[in-house]
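Enquirer: Input file: final.cif. Contents: mmCIF, C-alpha atoms.
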data_work
loop_
_atom_site.group_PDB
_atom_site.id
_atom_site.type_symbol
_atom_site.label_atom_id
_atom_site.label_comp_id
_atom_site.auth_asym_id
_atom_site.auth_seq_id
_atom_site.Cartn_x
_atom_site.Cartn_y
_atom_site.Cartn_z
ATOM 1 C CA ILE A 1 15.580 3.960 -11.104
ATOM 2 C CA PRO A 2 15.303 0.812 -8.937
ATOM 3 C CA ARG A 3 11.844 1.967 -7.786
ATOM 4 C CA ARG A 4 10.590 2.185 -11.335
ATOM 5 C CA ALA A 5 12.020 -1.219 -12.179
ATOM 6 C CA LEU A 6 10.279 -2.737 -9.149
ATOM 7 C CA LEU A 7 7.039 -1.005 -10.135
ATOM 8 C CA VAL A 8 7.224 -2.455 -13.640
ATOM 9 C CA LEU A 9 8.057 -5.916 -12.295
ATOM 10 C CA PHE A 10 5.100 -5.716 -9.913
ATOM 11 C CA ALA A 11 2.756 -4.590 -12.686
ATOM 12 C CA VAL A 12 3.690 -7.400 -15.061
ATOM 13 C CA GLN A 13 3.659 -10.154 -12.451
ATOM 14 C CA PRO A 14 1.372 -12.901 -13.806
ATOM 15 C CA MET A 15 -0.944 -13.046 -10.778
ATOM 16 C CA ILE A 16 -1.393 -9.259 -10.747
ATOM 17 C CA VAL A 17 -2.216 -9.295 -14.462
ATOM 18 C CA LEU A 18 -4.628 -12.212 -13.950
ATOM 19 C CA TYR A 19 -6.414 -10.628 -10.974
ATOM 20 C CA ALA A 20 -6.634 -7.207 -12.604
ATOM 21 C CA GLY A 21 -7.776 -8.692 -15.907
ATOM 22 C CA SER A 22 -10.630 -10.544 -14.247
ATOM 23 C CA GLY A 23 -11.783 -7.490 -12.308
ATOM 24 C CA GLN A 24 -10.689 -8.559 -8.844
ATOM 25 C CA SER A 25 -9.607 -5.974 -6.311
ATOM 26 C CA GLU A 26 -6.514 -7.667 -4.850
ATOM 27 C CA PRO A 27 -4.020 -5.681 -6.966
ATOM 28 C CA MET A 28 -5.483 -2.380 -5.776
ATOM 29 C CA LEU A 29 -5.381 -3.555 -2.169
ATOM 30 C CA LEU A 30 -1.728 -4.529 -2.551
ATOM 31 C CA LEU A 31 -0.923 -1.205 -4.192
ATOM 32 C CA PHE A 32 -2.496 0.817 -1.386
ATOM 33 C CA LEU A 33 -0.872 -1.303 1.314
ATOM 34 C CA VAL A 34 2.533 -0.881 -0.331
ATOM 35 C CA LEU A 35 1.956 2.878 -0.471
ATOM 36 C CA THR A 36 0.987 2.814 3.209
ATOM 37 C CA ALA A 37 4.126 0.889 4.135
ATOM 38 C CA SER A 38 6.292 3.262 2.109
ATOM 39 C CA ALA A 39 4.789 6.313 3.814
ATOM 40 C CA LEU A 40 5.199 4.746 7.259
ATOM 41 C CA ILE A 41 8.835 3.898 6.593
ATOM 42 C CA SER A 42 9.405 7.470 5.491
ATOM 43 C CA TRP A 43 7.642 8.730 8.628
ATOM 44 C CA THR A 44 9.787 6.624 10.943
ATOM 45 C CA GLN A 45 12.905 8.140 9.372
ATOM 46 C CA ASP A 46 11.879 11.816 9.139
ATOM 47 C CA ARG A 47 8.892 12.254 11.510
ATOM 48 C CA GLN A 48 7.160 14.567 9.040
ATOM 49 C CA PRO A 49 3.376 14.843 9.473
ATOM 50 C CA GLY A 50 2.848 14.756 5.706
ATOM 51 C CA ASP A 51 4.039 11.167 5.670
ATOM 52 C CA LEU A 52 1.347 10.224 8.198
ATOM 53 C CA VAL A 53 -1.249 11.967 6.059
ATOM 54 C CA ALA A 54 -0.111 9.956 3.042
ATOM 55 C CA ALA A 55 -0.178 6.741 5.083
ATOM 56 C CA GLY A 56 -3.672 7.491 6.369
ATOM 57 C CA ALA A 57 -4.981 8.342 2.921
ATOM 58 C CA SER A 58 -3.473 5.190 1.431
ATOM 59 C CA LEU A 59 -4.869 3.083 4.249
ATOM 60 C CA GLY A 60 -8.287 4.658 3.785
ATOM 61 C CA LEU A 61 -8.214 3.844 0.081
ATOM 62 C CA ALA A 62 -7.161 0.293 0.911
ATOM 63 C CA TYR A 63 -10.121 0.000 3.283
ATOM 64 C CA MET A 64 -12.472 1.287 0.593
ATOM 65 C CA THR A 65 -11.050 -1.319 -1.787
ATOM 66 C CA ARG A 66 -11.406 -4.312 0.548
ATOM 67 C CA TYR A 67 -12.484 -4.612 4.158
ATOM 68 C CA GLU A 68 -9.610 -6.966 4.980
ATOM 69 C CA SER A 69 -7.352 -3.967 5.446
ATOM 70 C CA GLY A 70 -8.873 -3.373 8.863
ATOM 71 C CA ALA A 71 -6.145 -5.517 10.429
ATOM 72 C CA PRO A 72 -3.303 -3.461 8.931
ATOM 73 C CA ALA A 73 -5.121 -0.337 10.144
ATOM 74 C CA VAL A 74 -4.907 -1.628 13.715
ATOM 75 C CA GLY A 75 -1.212 -2.359 13.232
ATOM 76 C CA VAL A 76 -0.601 1.137 11.879
ATOM 77 C CA ALA A 77 -2.448 2.684 14.832
ATOM 78 C CA VAL A 78 -0.302 0.706 17.276
ATOM 79 C CA LEU A 79 2.876 1.710 15.429
ATOM 80 C CA VAL A 80 1.994 5.392 15.386
ATOM 81 C CA ALA A 81 0.839 5.410 19.023
#
Can the structure from this file be put into C-alpha coordinates for me?
Expert:
Amino acid sequence: IPRRALLVLFAVQPMIVLYAGSGQSEPMLLLFLVLTASALISWTQDRQPGDLVAAGASLGLAYMTRYESGAPAVGVAVLVA
(Lines of atoms letter the chains of each structure in order from A and count residues from 1; the text may use other names and numbers.)
(Lines give C-alpha, C1' and ligand atoms only; values in the text may rest on other atoms or scores of the structure.)
Protein backbone atom coordinates (compact mmCIF):
# COMPACT_ATOMS: atom_id res chain seq x y z
CA ILE A 1 0.00 0.00 0.00
CA PRO A 2 2.83 2.52 0.59
CA ARG A 3 3.87 2.13 -3.07
CA ARG A 4 0.43 3.09 -4.29
CA ALA A 5 0.30 6.06 -1.95
CA LEU A 6 3.68 7.27 -3.24
CA LEU A 7 2.49 6.77 -6.82
CA VAL A 8 -0.60 8.88 -6.18
CA LEU A 9 1.44 11.57 -4.43
CA PHE A 10 3.87 11.65 -7.36
CA ALA A 11 1.03 11.88 -9.89
CA VAL A 12 -0.69 14.79 -8.17
CA GLN A 13 2.47 16.77 -7.46
CA PRO A 14 1.88 20.28 -8.87
CA MET A 15 4.98 20.36 -11.09
CA ILE A 16 4.18 16.94 -12.59
CA VAL A 17 0.62 18.06 -13.31
CA LEU A 18 1.89 21.33 -14.82
CA TYR A 19 4.53 19.66 -17.02
CA ALA A 20 2.18 16.90 -18.17
CA GLY A 21 -0.64 19.36 -18.80
CA SER A 22 1.54 21.50 -21.04
CA GLY A 23 2.80 18.52 -23.03
CA GLN A 24 6.35 18.42 -21.73
CA SER A 25 8.18 15.13 -21.45
CA GLU A 26 9.83 15.52 -18.03
CA PRO A 27 7.19 13.46 -16.17
CA MET A 28 7.69 10.51 -18.51
CA LEU A 29 11.45 10.75 -18.14
CA LEU A 30 11.11 10.74 -14.35
CA LEU A 31 8.73 7.79 -14.49
CA PHE A 32 11.09 5.69 -16.60
CA LEU A 33 14.11 6.60 -14.49
CA VAL A 34 12.24 5.65 -11.32
CA LEU A 35 11.29 2.33 -12.92
CA THR A 36 14.93 1.81 -13.89
CA ALA A 37 16.11 2.53 -10.35
CA SER A 38 13.49 0.18 -8.90
CA ALA A 39 14.54 -2.64 -11.23
CA LEU A 40 18.23 -2.08 -10.44
CA ILE A 41 17.58 -2.14 -6.70
CA SER A 42 15.68 -5.38 -7.14
CA TRP A 43 18.54 -6.79 -9.23
CA THR A 44 21.15 -5.95 -6.62
CA GLN A 45 19.13 -7.86 -4.03
CA ASP A 46 18.13 -10.96 -6.04
CA ARG A 47 20.49 -11.09 -9.06
CA GLN A 48 17.66 -12.20 -11.34
CA PRO A 49 18.21 -11.51 -15.05
CA GLY A 50 14.59 -10.42 -15.48
CA ASP A 51 15.30 -7.39 -13.33
CA LEU A 52 18.11 -6.35 -15.69
CA VAL A 53 15.77 -6.77 -18.64
CA ALA A 54 13.23 -4.51 -16.94
CA ALA A 55 15.94 -1.96 -16.13
CA GLY A 56 17.20 -1.99 -19.71
CA ALA A 57 13.72 -1.63 -21.16
CA SER A 58 12.90 1.24 -18.81
CA LEU A 59 16.19 2.94 -19.59
CA GLY A 60 15.56 2.52 -23.31
CA LEU A 61 12.13 4.11 -22.96
CA ALA A 62 13.68 6.94 -20.97
CA TYR A 63 16.21 7.49 -23.76
CA MET A 64 13.42 7.55 -26.34
CA THR A 65 11.62 10.14 -24.21
CA ARG A 66 14.58 12.50 -23.74
CA TYR A 67 18.21 12.25 -24.74
CA GLU A 68 19.39 13.46 -21.34
CA SER A 69 19.06 9.93 -20.02
CA GLY A 70 22.33 9.01 -21.69
CA ALA A 71 24.19 9.90 -18.50
CA PRO A 72 22.13 7.54 -16.32
CA ALA A 73 22.70 4.85 -18.96
CA VAL A 74 26.46 5.17 -18.44
CA GLY A 75 25.96 4.95 -14.69
CA VAL A 76 23.83 1.83 -15.06
CA ALA A 77 26.45 0.22 -17.31
CA VAL A 78 29.16 0.91 -14.73
CA LEU A 79 26.98 -0.48 -11.93
CA VAL A 80 26.16 -3.67 -13.81
CA ALA A 81 29.75 -4.20 -14.98
Enquirer: Find the residues near region 70-78 of chain A: any atom within 9 Å, counting only C-alpha atoms, skip ones fewer than 6 places away on the same chain, and give them as a VMD selection string.
Expert: chain A and resid 33 36 40 55 to 56 59 to 60 62 to 63
Enquirer: Go through the shown structure with the PyMOL selection byres ((chain A and resi 39) around 9) and write out the matching residues as a PDB file with C-alpha atoms, in the frame of the given file.
Expert:
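Saved to expr_28.pdb:
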ATOM      1  CA  VAL A  34       2.533  -0.881  -0.331  1.00  0.00           C
ATOM      2  CA  LEU A  35       1.956   2.878  -0.471  1.00  0.00           C
ATOM      3  CA  THR A  36       0.987   2.814   3.209  1.00  0.00           C
ATOM      4  CA  ALA A  37       4.126   0.889   4.135  1.00  0.00           C
ATOM      5  CA  SER A  38       6.292   3.262   2.109  1.00  0.00           C
ATOM      6  CA  LEU A  40       5.199   4.746   7.259  1.00  0.00           C
ATOM      7  CA  ILE A  41       8.835   3.898   6.593  1.00  0.00           C
ATOM      8  CA  SER A  42       9.405   7.470   5.491  1.00  0.00           C
ATOM      9  CA  TRP A  43       7.642   8.730   8.628  1.00  0.00           C
ATOM     10  CA  THR A  44       9.787   6.624  10.943  1.00  0.00           C
ATOM     11  CA  GLY A  50       2.848  14.756   5.706  1.00  0.00           C
ATOM     12  CA  ASP A  51       4.039  11.167   5.670  1.00  0.00           C
ATOM     13  CA  LEU A  52       1.347  10.224   8.198  1.00  0.00           C
ATOM     14  CA  VAL A  53      -1.249  11.967   6.059  1.00  0.00           C
ATOM     15  CA  ALA A  54      -0.111   9.956   3.042  1.00  0.00           C
ATOM     16  CA  ALA A  55      -0.178   6.741   5.083  1.00  0.00           C
ATOM     17  CA  GLY A  56      -3.672   7.491   6.369  1.00  0.00           C
ATOM     18  CA  SER A  58      -3.473   5.190   1.431  1.00  0.00           C
TER      19      SER A  58
END
Enquirer: Skipping near chain neighbours, those fewer than 5 positions away, what residues fall within 12 Å of Leu7 (chain A) using all atoms listed in the file, listed as a list in words?
Expert: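 Neighbouring residues, sequence-local ones excluded: Ile1, Pro2, Val12, Gln13, Ile16, Leu31, Val34 and Leu35 of chain A.
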Enquirer: As AutoDock Vina command-line options, please report the centre and edge lengths, rounded to one decimal in Å, of the axis-aligned box that holds all listed atoms of region 45-58 of chain A with 8 Å of padding on each of the six sides.
Expert:
--center_x 4.0 --center_y 10.0 --center_z 6.5 --size_x 33.9 --size_y 25.7 --size_z 26.1
Enquirer: Convert the output of the PyMOL selection byres ((chain A and resi 25) around 12) on the shown file into explicit residues, formatted as an NGL selection string.
Expert: :A and (16-24 or 26-32 or 61-68)
Enquirer: What is the CA of Ala81 (chain A) to CA of Pro49 (chain A) distance in Å?
Expert: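 Pair CA of Ala81 (chain A) / CA of Pro49 (chain A) returns 13.7 Å.
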Enquirer: Would you mind completing region 23-34 of chain A to all heavy atoms and writing the output as a short mmCIF file (atom, residue, chain, number, x, y, z; two decimals), in the coordinates of the input?
Expert:
data_model
loop_
_atom_site.label_atom_id
_atom_site.label_comp_id
_atom_site.auth_asym_id
_atom_site.auth_seq_id
_atom_site.Cartn_x
_atom_site.Cartn_y
_atom_site.Cartn_z
N GLY A 23 -10.99 -8.45 -13.06
CA GLY A 23 -11.78 -7.49 -12.31
C GLY A 23 -11.73 -7.65 -10.80
O GLY A 23 -12.56 -7.08 -10.10
N GLN A 24 -10.79 -8.39 -10.29
CA GLN A 24 -10.69 -8.56 -8.84
C GLN A 24 -9.96 -7.36 -8.24
O GLN A 24 -9.24 -6.65 -8.92
CB GLN A 24 -9.98 -9.86 -8.51
CG GLN A 24 -10.75 -11.07 -8.99
CD GLN A 24 -10.01 -12.36 -8.71
OE1 GLN A 24 -8.90 -12.37 -8.23
NE2 GLN A 24 -10.65 -13.47 -9.05
N SER A 25 -10.15 -7.16 -6.95
CA SER A 25 -9.61 -5.97 -6.31
C SER A 25 -8.31 -6.21 -5.54
O SER A 25 -7.81 -5.29 -4.91
CB SER A 25 -10.65 -5.40 -5.36
OG SER A 25 -11.01 -6.36 -4.38
N GLU A 26 -7.75 -7.39 -5.59
CA GLU A 26 -6.51 -7.67 -4.85
C GLU A 26 -5.34 -6.80 -5.29
O GLU A 26 -4.58 -6.33 -4.43
CB GLU A 26 -6.13 -9.15 -4.94
CG GLU A 26 -6.94 -10.05 -4.04
CD GLU A 26 -8.27 -10.48 -4.65
OE1 GLU A 26 -8.59 -10.04 -5.76
OE2 GLU A 26 -8.97 -11.23 -3.98
N PRO A 27 -5.15 -6.54 -6.60
CA PRO A 27 -4.02 -5.68 -6.97
C PRO A 27 -4.13 -4.27 -6.39
O PRO A 27 -3.13 -3.70 -5.96
CB PRO A 27 -4.07 -5.64 -8.49
CG PRO A 27 -4.76 -6.90 -8.88
CD PRO A 27 -5.77 -7.14 -7.80
N MET A 28 -5.33 -3.72 -6.35
CA MET A 28 -5.48 -2.38 -5.78
C MET A 28 -5.22 -2.40 -4.28
O MET A 28 -4.60 -1.46 -3.75
CB MET A 28 -6.88 -1.83 -6.06
CG MET A 28 -7.11 -1.49 -7.51
SD MET A 28 -5.92 -0.33 -8.18
CE MET A 28 -6.28 1.12 -7.25
N LEU A 29 -5.65 -3.44 -3.60
CA LEU A 29 -5.38 -3.56 -2.17
C LEU A 29 -3.88 -3.62 -1.93
O LEU A 29 -3.36 -2.92 -1.05
CB LEU A 29 -6.06 -4.80 -1.59
CG LEU A 29 -5.77 -5.09 -0.12
CD1 LEU A 29 -6.33 -4.00 0.77
CD2 LEU A 29 -6.31 -6.44 0.27
N LEU A 30 -3.18 -4.44 -2.70
CA LEU A 30 -1.73 -4.53 -2.55
C LEU A 30 -1.05 -3.20 -2.84
O LEU A 30 -0.12 -2.79 -2.13
CB LEU A 30 -1.17 -5.61 -3.47
CG LEU A 30 -1.45 -7.04 -3.06
CD1 LEU A 30 -0.95 -7.99 -4.13
CD2 LEU A 30 -0.78 -7.35 -1.74
N LEU A 31 -1.50 -2.50 -3.86
CA LEU A 31 -0.92 -1.20 -4.19
C LEU A 31 -1.07 -0.23 -3.03
O LEU A 31 -0.11 0.42 -2.63
CB LEU A 31 -1.58 -0.63 -5.45
CG LEU A 31 -1.23 0.82 -5.76
CD1 LEU A 31 0.21 0.90 -6.24
CD2 LEU A 31 -2.18 1.41 -6.76
N PHE A 32 -2.27 -0.13 -2.47
CA PHE A 32 -2.50 0.82 -1.39
C PHE A 32 -1.75 0.42 -0.12
O PHE A 32 -1.26 1.28 0.61
CB PHE A 32 -3.99 0.97 -1.11
CG PHE A 32 -4.72 1.66 -2.22
CD1 PHE A 32 -5.95 1.19 -2.66
CD2 PHE A 32 -4.21 2.77 -2.85
CE1 PHE A 32 -6.64 1.81 -3.67
CE2 PHE A 32 -4.88 3.41 -3.88
CZ PHE A 32 -6.10 2.93 -4.29
N LEU A 33 -1.62 -0.88 0.14
CA LEU A 33 -0.87 -1.30 1.31
C LEU A 33 0.62 -1.05 1.14
O LEU A 33 1.31 -0.70 2.10
CB LEU A 33 -1.15 -2.78 1.62
CG LEU A 33 -2.54 -3.08 2.16
CD1 LEU A 33 -2.70 -4.57 2.39
CD2 LEU A 33 -2.83 -2.30 3.42
N VAL A 34 1.12 -1.20 -0.07
CA VAL A 34 2.53 -0.88 -0.33
C VAL A 34 2.77 0.62 -0.18
O VAL A 34 3.78 1.05 0.40
CB VAL A 34 2.96 -1.38 -1.73
CG1 VAL A 34 4.28 -0.79 -2.15
CG2 VAL A 34 3.02 -2.89 -1.74
#
